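K.L.:
Below is work15.cif; it holds mmCIF, C-alpha atoms.
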data_upload
#
loop_
_atom_site.label_atom_id
_atom_site.label_comp_id
_atom_site.auth_asym_id
_atom_site.auth_seq_id
_atom_site.Cartn_x
_atom_site.Cartn_y
_atom_site.Cartn_z
CA MET A 1234 -92.28 29.88 -55.40
CA THR A 1235 -89.31 31.52 -54.01
CA SER A 1236 -88.35 34.95 -54.50
CA PRO A 1237 -85.39 35.83 -56.59
CA ALA A 1238 -83.79 37.66 -53.66
CA ASN A 1239 -83.90 34.51 -51.58
CA ASP A 1240 -82.61 32.60 -54.53
CA LEU A 1241 -79.69 34.93 -54.83
CA SER A 1242 -78.68 34.62 -51.19
CA ASP A 1243 -79.30 30.90 -51.16
CA ARG A 1244 -76.92 30.24 -54.00
CA PRO A 1245 -73.82 31.73 -52.34
CA ARG A 1246 -74.74 29.94 -49.17
CA ARG A 1247 -74.88 26.61 -50.97
CA ARG A 1248 -71.75 27.45 -52.78
CA LEU A 1249 -70.06 28.39 -49.50
CA GLU A 1250 -71.42 25.23 -47.93
CA SER A 1251 -70.09 23.18 -50.82
CA GLU A 1252 -66.69 24.84 -50.66
CA ARG A 1253 -66.64 24.41 -46.91
CA ARG A 1254 -67.31 20.66 -47.34
CA GLU A 1255 -64.57 20.40 -49.96
CA ILE A 1256 -62.16 22.25 -47.69
CA GLU A 1257 -63.12 20.02 -44.76
CA GLU A 1258 -62.68 16.89 -46.89
CA LEU A 1259 -59.38 18.18 -48.24
CA THR A 1260 -58.28 19.14 -44.74
CA ALA A 1261 -59.36 15.74 -43.36
CA SER A 1262 -57.53 14.01 -46.20
CA GLU A 1263 -54.40 16.10 -45.61
CA LEU A 1264 -54.63 15.49 -41.87
CA ARG A 1265 -54.87 11.73 -42.49
CA ARG A 1266 -51.86 11.89 -44.81
CA LEU A 1267 -50.02 14.07 -42.30
CA GLY A 1268 -50.92 11.60 -39.52
CA GLU A 1269 -49.64 8.66 -41.56
CA ASN A 1270 -46.44 10.54 -42.40
CA SER A 1271 -46.04 11.54 -38.75
CA ARG A 1272 -46.51 7.90 -37.66
CA ARG A 1273 -43.95 6.75 -40.23
CA VAL A 1274 -41.47 9.45 -39.14
CA ALA A 1275 -42.13 8.61 -35.47
CA ARG A 1276 -41.59 4.88 -36.16
CA ASN A 1277 -38.33 5.65 -38.00
CA ALA A 1278 -37.21 7.98 -35.19
CA LEU A 1279 -38.10 5.36 -32.57
CA GLY A 1280 -36.18 2.69 -34.51
CA THR A 1281 -33.18 5.02 -34.79
CA ILE A 1282 -33.39 5.85 -31.07
CA GLU A 1283 -33.60 2.15 -30.17
CA HIS A 1284 -30.65 1.35 -32.42
CA ASP A 1285 -28.58 4.24 -31.01
CA THR A 1286 -29.52 3.23 -27.47
CA GLU A 1287 -28.43 -0.37 -28.10
CA GLU A 1288 -25.10 0.85 -29.51
CA ALA A 1289 -24.58 3.20 -26.55
CA THR A 1290 -25.49 0.41 -24.14
CA GLY A 1291 -22.98 -1.87 -25.85
CA ARG A 1292 -20.26 0.77 -25.56
CA VAL A 1293 -21.11 1.35 -21.90
CA ARG A 1294 -20.97 -2.42 -21.31
CA GLU A 1295 -17.52 -2.54 -22.90
CA LEU A 1296 -16.37 0.38 -20.77
CA LEU A 1297 -17.75 -1.24 -17.65
CA MET A 1298 -16.04 -4.51 -18.50
CA LYS A 1299 -12.77 -2.71 -19.06
CA ALA A 1300 -13.30 -0.58 -15.96
CA TRP A 1301 -14.06 -3.70 -13.90
CA LEU A 1302 -11.45 -5.91 -15.53
CA ARG A 1303 -8.50 -3.53 -15.13
CA PRO A 1304 -8.81 -3.18 -11.32
CA LEU A 1305 -9.42 -6.91 -11.06
CA ILE A 1306 -6.22 -7.67 -12.96
CA VAL A 1307 -4.23 -5.10 -10.96
CA GLY A 1308 -5.64 -6.40 -7.68
CA LEU A 1309 -4.99 -9.99 -8.64
CA SER A 1310 -1.45 -9.13 -9.71
CA LEU A 1311 -0.80 -7.34 -6.42
CA TRP A 1312 -2.25 -10.24 -4.45
CA ILE A 1313 -0.12 -12.75 -6.33
CA GLY A 1314 2.93 -10.50 -5.87
CA PHE A 1315 2.37 -10.14 -2.13
CA PHE A 1316 1.51 -13.79 -1.68
CA GLY A 1317 4.40 -15.02 -3.83
CA GLY A 1318 6.88 -12.62 -2.25
CA SER A 1319 5.77 -13.53 1.26
CA TRP A 1320 5.89 -17.23 0.46
CA ALA A 1321 9.37 -16.92 -1.07
CA THR A 1322 10.60 -14.86 1.89
CA MET A 1323 9.22 -17.38 4.36
CA ARG A 1324 10.83 -20.26 2.45
CA TRP A 1325 14.16 -18.42 2.40
CA LEU A 1326 13.91 -17.59 6.13
CA ALA A 1327 12.95 -21.17 6.99
CA GLY A 1328 15.91 -22.47 4.97
CA SER A 1329 18.25 -19.94 6.59
CA ILE A 1330 17.05 -20.87 10.09
CA GLN A 1331 17.37 -24.57 9.28
CA ASP A 1332 20.94 -24.03 8.01
CA ARG A 1333 21.82 -22.13 11.19
CA ILE A 1334 20.29 -24.86 13.37
CA GLU A 1335 22.37 -27.46 11.52
CA THR A 1336 25.50 -25.30 11.81
CA LEU A 1337 24.85 -24.81 15.54
CA ALA A 1338 24.41 -28.57 15.98
CA GLU A 1339 27.70 -29.17 14.15
CA LEU A 1340 29.45 -26.55 16.28
CA ASP A 1341 28.02 -28.09 19.47
CA TYR A 1342 29.31 -31.45 18.31
CA ASP A 1343 32.74 -29.93 17.53
CA ILE A 1344 32.83 -28.19 20.94
CA GLN A 1345 31.89 -31.42 22.73
CA ASP A 1346 34.56 -33.27 20.74
CA ALA A 1347 37.15 -30.60 21.59
CA ARG A 1348 36.20 -30.80 25.29
CA GLN A 1349 36.65 -34.56 25.20
CA THR A 1350 39.97 -34.15 23.44
CA LEU A 1351 41.06 -31.53 26.00
CA ALA A 1352 39.97 -33.76 28.86
CA GLN A 1353 41.90 -36.64 27.27
CA LEU A 1354 44.99 -34.42 26.83
CA GLU A 1355 44.79 -33.25 30.43
CA ALA A 1356 44.47 -36.84 31.55
CA ASP A 1357 47.39 -37.90 29.35
CA THR A 1358 49.60 -34.97 30.43
CA TRP A 1359 48.54 -35.16 34.08
CA GLY A 1360 47.30 -31.54 33.92
CA ILE A 1361 50.67 -30.09 32.88
CA ALA A 1362 50.49 -27.03 30.63
CA LEU A 1363 53.16 -25.12 28.69
CA LEU A 1364 52.85 -21.29 28.72
CA GLU A 1365 54.86 -18.36 27.46
CA ILE A 1366 54.37 -15.07 29.32
CA GLU A 1367 56.32 -11.96 28.24
CA GLY A 1368 59.01 -14.05 26.60
CA GLU A 1369 59.45 -16.33 29.62
CA ARG A 1370 58.49 -19.98 29.27
CA TYR A 1371 56.87 -21.95 32.07
CA VAL A 1372 55.74 -25.48 32.70
CA VAL A 1373 52.55 -25.15 34.75
CA LEU A 1374 52.03 -28.10 37.07
CA PRO A 1375 48.75 -29.50 38.40
CA PHE A 1376 47.34 -28.24 41.71
CA GLY A 1377 48.92 -29.81 44.76
CA THR A 1378 52.34 -30.30 43.12
CA LEU A 1379 55.43 -28.79 44.76
CA ALA A 1380 57.85 -26.97 42.52
CA ASP A 1381 61.38 -25.81 43.36
CA PRO A 1382 61.78 -22.83 43.40
CA GLY A 1383 58.15 -21.92 44.06
CA TRP A 1384 56.99 -20.14 40.92
CA GLU A 1385 53.25 -19.66 40.38
CA VAL A 1386 51.34 -18.98 37.18
CA ARG A 1387 47.64 -18.32 37.52
CA ASP A 1388 47.66 -19.63 41.07
CA ARG A 1389 49.18 -22.92 40.00
CA PRO A 1390 52.69 -24.13 40.74
CA ALA A 1391 55.09 -23.71 37.82
CA VAL A 1392 58.68 -24.33 36.78
CA ARG A 1393 60.45 -21.58 34.88
CA LEU A 1394 62.46 -22.72 31.88
CA SER A 1395 65.54 -20.78 30.77
CA ASN A 1396 65.90 -19.32 27.31
CA ARG A 1397 69.52 -20.28 26.78
#
Just give me the structure of the file as structure tokens.
P.N.:
Amino acid sequence: MTSPANDLSDRPRRRLESERREIEELTASELRRLGENSRRVARNALGTIEHDTEEATGRVRELLMKAWLRPLIVGLSLWIGFFGGSWATMRWLAGSIQDRIETLAELDYDIQDARQTLAQLEADTWGIALLEIEGERYVVLPFGTLADPGWEVRDRPAVRLSNR
């Protein structure tokens, strides 16, 4: 048999032990519930973070596309402007040079024609020329011709005509 004193101290110990087990079970139960709630909150937070990250990534992609597209368009526009302007300038210069070459060829032809005409006139007029110097008129004769009196114009014999 046990003594009543031991019985008295054993009872609170059992009671304490029982309460301790209840507290541990309650604590374990609360910790499990807290763990499940924490997992659920963490999953929700992770889902929200993933969603926000995808949205931010999409916005950054749009910004990068715009940031990449704008310089591309500007560069392409400048290239087309330079290329088109250079091409147009070269076409204009080539046309201008071609026109001048054609004009020069026409002028050469006209000069050659005028020289032939002058040579024909000199042949037809035997080299005689009519000149007016300071109001005086002269008939300039070809080299080797004798004129009476012996006037000379530009080292060629000449006949002075009167103004009467």
K.L.:
One decimal, in Å: what's the spacing between CA of Arg1370 in chain A and CA of Trp1384 in chain A?
P.N.:
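Straight-line distance from CA of Arg1370 in chain A to CA of Trp1384 in chain A works out to 11.7 Å.
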K.L.:
Do you have the CA of Arg1333 in chain A-CA of Ala1321 in chain A distance handy?
P.N.:
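The value is 18.2 Å.
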K.L.:
What's the separation between CA of Val1392 in chain A and CA of Gly1360 in chain A, in Å to one decimal place?
P.N.:
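Taking CA of Val1392 in chain A as the start and CA of Gly1360 in chain A as the end point, the length is 13.8 Å.
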K.L.:
Write out as JSON lines a residue-level contact list of range 1272-1338 of chain A versus range 1253-1267 of chain A with cut-off 12 Å: for each qualifying residue the closest pair of atoms and the distance in Å to one decimal, counting all atoms listed in the file, rows sorted by chain and residue number upward.
P.N.:
{"residue": "A:Arg1272", "atom": "CA", "partner": "A:Leu1267", "partner_atom": "CA", "distance": 8.5}
{"residue": "A:Arg1273", "atom": "CA", "partner": "A:Leu1267", "partner_atom": "CA", "distance": 9.7}
{"residue": "A:Val1274", "atom": "CA", "partner": "A:Leu1267", "partner_atom": "CA", "distance": 10.2}
{"residue": "A:Ala1275", "atom": "CA", "partner": "A:Leu1267", "partner_atom": "CA", "distance": 11.8}
K.L.:
I'd like to know which of A:Val1372, A:Leu1379, A:Ser1271, A:Glu1335 is closest to Arg1393 in chain A, using all atoms listed in the file.
P.N.:
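Counting all atoms listed in the file, the residue closest to Arg1393 in chain A is A:Val1372.
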K.L.:
I need the output of the PyMOL selection byres ((chain A and resi 1374) around 10) for this file as a PyMOL selection string; which residues are they?
P.N.:
chain A and resi 1358-1363+1371-1373+1375-1380+1385-1386+1389-1392
